[in-house]
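Just below is one structure, and these are the notes that go with it.
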Number of protein chains: 2
Amino acid sequence: MLHQDILKDQIDRESKLPLYQQLYELLRTKIQNKEWGPGDMLPTETELLEQYQVSRATVRQALDELVNESLIYRERGRGTFVSHPTVDQTLVRIVSFTEDMRQRGFKPGTRVLFFGLVPATQELAEKLEVPLGEELVRLERLRLADGEPMSIEESHLIHSACPGVCDFDYAHNSLRETLEKACDIRLTRANQVIRAIPAPDHLVDTLSIQPDTALLFIERISYSQHNLPIEFLRLYHRGDRYVLYNGLRG
Amino acid sequence: MLHQDILKDQIDRESKLPLYQQLYELLRTKIQNKEWGPGDMLPTETELLEQYQVSRATVRQALDELVNESLIYRERGRGTFVSHPTVDQTLVRIVSFTEDMRQRGFKPGTRVLFFGLVPATQELAEKLEVPLGEELVRLERLRLADGEPMSIEESHLIHSACPGVCDFDYAHNSLRETLEKACDIRLTRANQVIRAIPAPDHLVDTLSIQPDTALLFIERISYSQHNLPIEFLRLYHRGDRYVLYNGLRG
DNA sequence: TAGTGGTCTAGACCACAAA
DNA sequence: TTGTGGTCTAGACCACTAA
């Protein structure tokens, strides 16, 4: 979908993109830009079909996608509303640490441990699908919850894909927001592996933990809207403070 | 949906259940009963609307649900097919250990460590929403992969909800299948908490691990089709052998 | 070329919530 | 009673796959 259409808040009948996907993008953008906040009611289906000049089925198809992603929920007889973020989104959506901590009732904090350029090792090169030695941005942050260490985040970005990222300070800026605003890169999907590991010796002091503590260790590859790998992330969560929630179907 | 309708493979126009949900149930049942196996093509949408005498939109709505649950996938111009199980379903669907191990390429095995009746402790009573002291079925199993210990499963069931379960041997029977066949109880959804913990001393020998190994510890409450809690499950997975995979959206 | 799923329309009636 | 979302119909045309 063209940037101008999002700005114009209009559906392009000439576009190759299906109408419902265009409408989905428009609504999704408004939600993520906080034009509508959690709990706010969206326009009714009738209002949407009039405003965007599509059929009700098309409106509902767009809304269905948003419901599936838990960005909105519907209540029969009342209306359609923006969802309140919940902790169990951590295993479904890419959630920033800051957002995650707020949902858990903690005050988030950050300390940058390392920020610089490094060459891709064998492992990183494979995960990010780049040649060995490719220039990567490495950002290592200690994450705090209510002032106490909670997690260590070890991020690796392909520098050539997001040349502007080094001009920012990630003690105060969100990496995801910077990627979006400065590099026009959106992380649209990711795959991750979750493990339980004993705390490695070199992290014990930084995380202020006993040597025998277990860590929830997550390795994640995130992909851009162009479906290219952008970031390889290692998360070391303190097992005694950080847990994951999720729901299952039968 | 009535049992007889599933047997008759028919949609009941008098039922209060929406047509698409009835169709969804019928198709889901056929898939789970392996009437159609992984990779098999479902009847085309046209065939389905003729067979069940509903409109195409209704057929698609039923299929959409199955697609959302990753039970089927569609290929434009080719047809609709039953999905192959994948390891990343472990965080989306309730998957039996046996199925899980097969997907991971292991040969599953089981040893029953304990099987009997116990009164509900404070914690169990709260999780299962029953009075303190309520009679519970406790089933403790060591799970093997390729003959080596992989996990310990500690299951607690409300005995009054599934009186027949004690008549079976769970070294060879699936708990879920028995619940369904002997008690007419389907586990339709569940909530779980995932943690990393150091291996407790009393599990070290049973799991054949070093004392400093970390475990992936999962606590799960499963609910029946009547939306009542049925099972409280504790899973102790060896962190050095068992990992979780999943995908995220942006 | 025939058959598949993908998209879209313009209706209709219903169940539920709130005033 | 009014307005909301929930369900359903009977069409239509398109893009893609495979023969």
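Residues are referred to by chain and number: the chain letter is A, B, ... according to the order shown in the structure tokens, the number counts from 1 in that chain, and ligands are numbered separately from 1 in the order shown.
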Neighbours of chain D in chain A at 6 Å, counting only C-alpha atoms (C1' of nucleotides), as a ChimeraX atom specification: /A:76-79
Interface, chain B side, toward chain C (12 Å; only C-alpha atoms (C1' of nucleotides)) as number ranges by chain: B: 16, 18, 41-47, 56-57, 60, 63, 73-81
Within 10 Å of chain B: each chain A residue with its shortest pair, only C-alpha atoms, as a tab-separated table:
```
residue	atom	partner	partner_atom	distance
A:Ala57	CA	B:Ala57	CA	9.8
A:Asn68	CA	B:Asn68	CA	8.0
A:Glu69	CA	B:Arg249	CA	8.2
A:Asp88	CA	B:Val193	CA	9.4
A:Gln89	CA	B:Leu248	CA	9.4
A:Thr90	CA	B:Leu248	CA	8.6
A:Leu91	CA	B:Leu248	CA	6.7
A:Val92	CA	B:Leu248	CA	5.0
A:Arg93	CA	B:Arg249	CA	4.7
A:Ile94	CA	B:Gly250	CA	5.2
A:Val95	CA	B:Gly250	CA	8.1
A:Arg186	CA	B:Gly250	CA	7.6
A:Leu187	CA	B:Gly250	CA	5.5
A:Thr188	CA	B:Gly250	CA	3.9
A:Arg189	CA	B:Arg249	CA	4.3
A:Ala190	CA	B:Leu248	CA	5.0
A:Asn191	CA	B:Gly247	CA	4.4
A:Gln192	CA	B:Asn246	CA	5.5
A:Val193	CA	B:Tyr245	CA	4.6
A:Ile194	CA	B:Leu244	CA	4.9
A:Arg195	CA	B:Val243	CA	5.1
A:Ala196	CA	B:Gly239	CA	4.8
A:Ile197	CA	B:Ala214	CA	5.1
A:Pro198	CA	B:Ala214	CA	5.2
A:Ala199	CA	B:Ala214	CA	8.8
A:Pro211	CA	B:Asp212	CA	9.7
A:Asp212	CA	B:Asp212	CA	6.8
A:Thr213	CA	B:Pro198	CA	6.2
A:Ala214	CA	B:Ile197	CA	5.1
A:Leu215	CA	B:Ala196	CA	5.7
A:Leu216	CA	B:Ala196	CA	5.2
A:Phe217	CA	B:Ala196	CA	8.6
A:Ile218	CA	B:Leu244	CA	9.4
A:Glu219	CA	B:Tyr245	CA	9.7
A:Arg220	CA	B:Gly247	CA	9.2
A:Ile221	CA	B:Gly247	CA	9.6
A:Ser222	CA	B:Leu248	CA	8.7
A:Tyr223	CA	B:Gly250	CA	9.0
A:Ser224	CA	B:Gly250	CA	9.1
A:Gln225	CA	B:Gly250	CA	9.2
A:His237	CA	B:Ala196	CA	8.9
A:Arg238	CA	B:Ala196	CA	8.1
A:Gly239	CA	B:Ala196	CA	4.8
A:Asp240	CA	B:Ile197	CA	7.4
A:Arg241	CA	B:Arg195	CA	9.1
A:Tyr242	CA	B:Arg195	CA	7.4
A:Val243	CA	B:Arg195	CA	5.1
A:Leu244	CA	B:Ile194	CA	4.9
A:Tyr245	CA	B:Val193	CA	4.6
A:Asn246	CA	B:Gln192	CA	5.6
A:Gly247	CA	B:Asn191	CA	4.4
A:Leu248	CA	B:Arg93	CA	4.9
A:Arg249	CA	B:Arg189	CA	4.3
A:Gly250	CA	B:Thr188	CA	3.9
```
Would you save the residues from that selection as a short mmCIF file (atom, residue, chain, number, x, y, z; two decimals), in the first residue's frame, using N, CA and C atoms?
```
data_model
loop_
_atom_site.label_atom_id
_atom_site.label_comp_id
_atom_site.auth_asym_id
_atom_site.auth_seq_id
_atom_site.Cartn_x
_atom_site.Cartn_y
_atom_site.Cartn_z
N ALA A 57 -19.18 -6.86 3.63
CA ALA A 57 -18.34 -8.06 3.70
C ALA A 57 -16.86 -7.68 3.65
N ASN A 68 -8.23 -11.34 14.51
CA ASN A 68 -7.32 -12.49 14.59
C ASN A 68 -6.00 -12.12 15.23
N GLU A 69 -5.55 -10.90 14.99
CA GLU A 69 -4.29 -10.46 15.58
C GLU A 69 -4.51 -9.87 16.97
N ASP A 88 -0.01 -11.93 27.57
CA ASP A 88 0.12 -13.13 26.75
C ASP A 88 0.34 -12.79 25.27
N GLN A 89 0.44 -11.50 24.96
CA GLN A 89 0.77 -11.12 23.58
C GLN A 89 2.25 -11.35 23.28
N THR A 90 3.06 -11.51 24.35
CA THR A 90 4.50 -11.64 24.17
C THR A 90 4.86 -12.81 23.27
N LEU A 91 4.01 -13.84 23.26
CA LEU A 91 4.29 -15.01 22.43
C LEU A 91 3.55 -14.97 21.11
N VAL A 92 2.90 -13.86 20.80
CA VAL A 92 2.13 -13.78 19.57
C VAL A 92 2.61 -12.61 18.70
N ARG A 93 2.81 -11.47 19.34
CA ARG A 93 3.23 -10.28 18.64
C ARG A 93 4.64 -9.87 19.07
N ILE A 94 5.32 -9.12 18.20
CA ILE A 94 6.60 -8.56 18.59
C ILE A 94 6.31 -7.36 19.49
N VAL A 95 6.64 -7.53 20.76
CA VAL A 95 6.31 -6.52 21.76
C VAL A 95 7.61 -5.91 22.27
N ARG A 186 9.84 -1.94 8.81
CA ARG A 186 8.93 -2.46 9.82
C ARG A 186 9.23 -3.93 10.03
N LEU A 187 9.32 -4.34 11.28
CA LEU A 187 9.50 -5.76 11.57
C LEU A 187 8.11 -6.38 11.56
N THR A 188 7.83 -7.12 10.50
CA THR A 188 6.46 -7.61 10.33
C THR A 188 6.27 -9.02 10.86
N ARG A 189 7.37 -9.78 10.96
CA ARG A 189 7.24 -11.12 11.51
C ARG A 189 8.58 -11.57 12.08
N ALA A 190 8.56 -12.63 12.85
CA ALA A 190 9.79 -13.14 13.46
C ALA A 190 9.61 -14.60 13.81
N ASN A 191 10.74 -15.33 13.88
CA ASN A 191 10.73 -16.70 14.38
C ASN A 191 11.68 -16.77 15.56
N GLN A 192 11.28 -17.53 16.57
CA GLN A 192 12.16 -17.61 17.73
C GLN A 192 12.20 -19.00 18.33
N VAL A 193 13.28 -19.24 19.07
CA VAL A 193 13.49 -20.48 19.80
C VAL A 193 13.60 -20.12 21.28
N ILE A 194 12.88 -20.86 22.11
CA ILE A 194 12.86 -20.58 23.55
C ILE A 194 13.52 -21.73 24.29
N ARG A 195 14.47 -21.39 25.15
CA ARG A 195 15.20 -22.42 25.90
C ARG A 195 15.28 -22.06 27.37
N ALA A 196 15.52 -23.06 28.20
CA ALA A 196 15.91 -22.82 29.59
C ALA A 196 17.38 -23.18 29.71
N ILE A 197 18.19 -22.26 30.18
CA ILE A 197 19.63 -22.52 30.34
C ILE A 197 20.08 -22.08 31.73
N PRO A 198 21.13 -22.73 32.25
CA PRO A 198 21.72 -22.21 33.49
C PRO A 198 22.37 -20.86 33.15
N ALA A 199 22.39 -19.94 34.11
CA ALA A 199 22.95 -18.62 33.84
C ALA A 199 24.44 -18.74 33.53
N PRO A 211 24.56 -17.72 41.04
CA PRO A 211 25.12 -18.50 39.93
C PRO A 211 24.24 -19.67 39.48
N ASP A 212 23.37 -20.17 40.37
CA ASP A 212 22.59 -21.35 39.99
C ASP A 212 21.21 -20.97 39.45
N THR A 213 20.98 -19.71 39.16
CA THR A 213 19.69 -19.29 38.61
C THR A 213 19.56 -19.79 37.16
N ALA A 214 18.34 -20.08 36.77
CA ALA A 214 18.10 -20.45 35.38
C ALA A 214 17.65 -19.22 34.60
N LEU A 215 17.93 -19.23 33.31
CA LEU A 215 17.50 -18.13 32.45
C LEU A 215 16.54 -18.65 31.38
N LEU A 216 15.58 -17.83 31.02
CA LEU A 216 14.76 -18.09 29.86
C LEU A 216 15.48 -17.42 28.69
N PHE A 217 15.99 -18.25 27.78
CA PHE A 217 16.86 -17.76 26.72
C PHE A 217 16.12 -17.85 25.39
N ILE A 218 16.00 -16.71 24.73
CA ILE A 218 15.25 -16.66 23.48
C ILE A 218 16.14 -16.15 22.36
N GLU A 219 16.16 -16.84 21.24
CA GLU A 219 16.86 -16.36 20.04
C GLU A 219 15.83 -16.08 18.97
N ARG A 220 15.88 -14.89 18.42
CA ARG A 220 14.82 -14.46 17.50
C ARG A 220 15.39 -13.84 16.23
N ILE A 221 14.87 -14.27 15.10
CA ILE A 221 15.19 -13.62 13.82
C ILE A 221 13.96 -12.85 13.37
N SER A 222 14.13 -11.54 13.15
CA SER A 222 13.01 -10.70 12.73
C SER A 222 13.16 -10.32 11.26
N TYR A 223 12.02 -10.25 10.58
CA TYR A 223 12.03 -9.97 9.15
C TYR A 223 11.29 -8.67 8.85
N SER A 224 11.75 -8.00 7.80
CA SER A 224 11.15 -6.72 7.41
C SER A 224 9.91 -6.94 6.58
N GLN A 225 9.23 -5.84 6.25
CA GLN A 225 8.06 -5.92 5.38
C GLN A 225 8.42 -6.47 4.00
N HIS A 237 16.47 -13.74 29.86
CA HIS A 237 15.54 -13.30 30.89
C HIS A 237 15.82 -14.04 32.20
N ARG A 238 15.80 -13.29 33.30
CA ARG A 238 15.95 -13.93 34.60
C ARG A 238 14.78 -14.86 34.86
N GLY A 239 15.09 -16.15 35.07
CA GLY A 239 14.03 -17.13 35.28
C GLY A 239 13.22 -16.89 36.54
N ASP A 240 13.85 -16.23 37.52
CA ASP A 240 13.14 -15.99 38.78
C ASP A 240 12.20 -14.79 38.70
N ARG A 241 12.32 -13.98 37.65
CA ARG A 241 11.46 -12.79 37.55
C ARG A 241 10.59 -12.78 36.30
N TYR A 242 11.08 -13.42 35.24
CA TYR A 242 10.38 -13.30 33.96
C TYR A 242 9.72 -14.61 33.56
N VAL A 243 8.42 -14.59 33.32
CA VAL A 243 7.70 -15.78 32.87
C VAL A 243 6.89 -15.42 31.63
N LEU A 244 6.54 -16.45 30.87
CA LEU A 244 5.73 -16.24 29.67
C LEU A 244 4.34 -16.84 29.89
N TYR A 245 3.36 -16.20 29.36
CA TYR A 245 1.99 -16.69 29.44
C TYR A 245 1.50 -16.95 28.03
N ASN A 246 0.67 -17.97 27.87
CA ASN A 246 -0.06 -18.06 26.61
C ASN A 246 -1.25 -18.99 26.69
N GLY A 247 -2.12 -18.83 25.74
CA GLY A 247 -3.31 -19.65 25.65
C GLY A 247 -3.16 -20.67 24.53
N LEU A 248 -3.80 -21.82 24.68
CA LEU A 248 -3.74 -22.87 23.67
C LEU A 248 -5.16 -23.24 23.26
N ARG A 249 -5.26 -23.77 22.05
CA ARG A 249 -6.55 -24.32 21.60
C ARG A 249 -6.48 -25.84 21.62
N GLY A 250 -7.65 -26.44 21.63
CA GLY A 250 -7.70 -27.90 21.71
C GLY A 250 -7.56 -28.61 20.41
#
```
Residues of stretch 47-159 of chain B in strand (DSSP E), written as number ranges by chain: B: 72-75, 79-82, 108-119, 135-145, 148-158
Exercise: B:Gly109 partners within 7 Å, only C-alpha atoms (C1' of nucleotides), chain neighbours under 2 positions left out, as JSON, numbers by chain: {"B": [107, 143, 144, 145, 147]}
Take the residues from that selection and put them in a file with N, CA and C atoms, as a compact mmCIF listing (two decimals), in the first residue's frame.
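out.txt written:
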```
# COMPACT_ATOMS: atom_id res chain seq x y z
N LYS B 107 11.64 -40.90 18.97
CA LYS B 107 10.74 -42.00 19.26
C LYS B 107 10.25 -41.83 20.70
N ARG B 143 8.60 -39.04 30.60
CA ARG B 143 8.50 -39.10 29.14
C ARG B 143 9.89 -39.27 28.54
N LEU B 144 10.00 -40.21 27.64
CA LEU B 144 11.28 -40.51 27.02
C LEU B 144 11.28 -40.13 25.54
N ALA B 145 12.45 -39.74 25.07
CA ALA B 145 12.64 -39.50 23.64
C ALA B 145 13.83 -40.32 23.20
N GLY B 147 14.37 -43.21 24.01
CA GLY B 147 14.78 -43.99 25.17
C GLY B 147 15.42 -43.19 26.29
```
Those of stretch 17-88 of chain A in DSSP alpha helix (DSSP H), formatted as JSON, numbers by chain: {"A": [19, 20, 21, 22, 23, 24, 25, 26, 27, 28, 29, 30, 31, 32, 45, 46, 47, 48, 49, 50, 51, 52, 56, 57, 58, 59, 60, 61, 62, 63, 64, 65, 66, 67, 68]}
Pairwise distance for atom CA of B:Asp201 and atom CA of B:Ile152, rounded to one decimal in Å: 13.6 Å
9 Å contact set for B:Ser96, only C-alpha atoms (C1' of nucleotides), chain neighbours under 4 positions out, as a VMD selection string: chain B and resid 90 100 to 101 174 to 176
Spatial neighbours of B:Gln103, max dist 8 Å, only C-alpha atoms (C1' of nucleotides), sep filter under 3 positions, as a PyMOL selection string: chain B and resi 85-87+99-100+106
Atom-to-atom span, atom CA of A:His202 and atom CA of A:Leu157, Å: 23.0 Å
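Counting from atom CA of B:Ala161, the distance to atom CA of B:Leu27 is 27.4 Å.
Counting only C-alpha atoms and comparing A:Ser208, A:Gln21, A:Ser83, A:Ser160, the residue that lies closest to A:Ile230 is A:Ser160.
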Selection: 7 Å around stretch 130-134 of chain A, only C-alpha atoms (C1' of nucleotides), excl. self and same-chain fewer than 2 positions, as a PyMOL selection string: chain A and resi 119-122+125-126+128+136
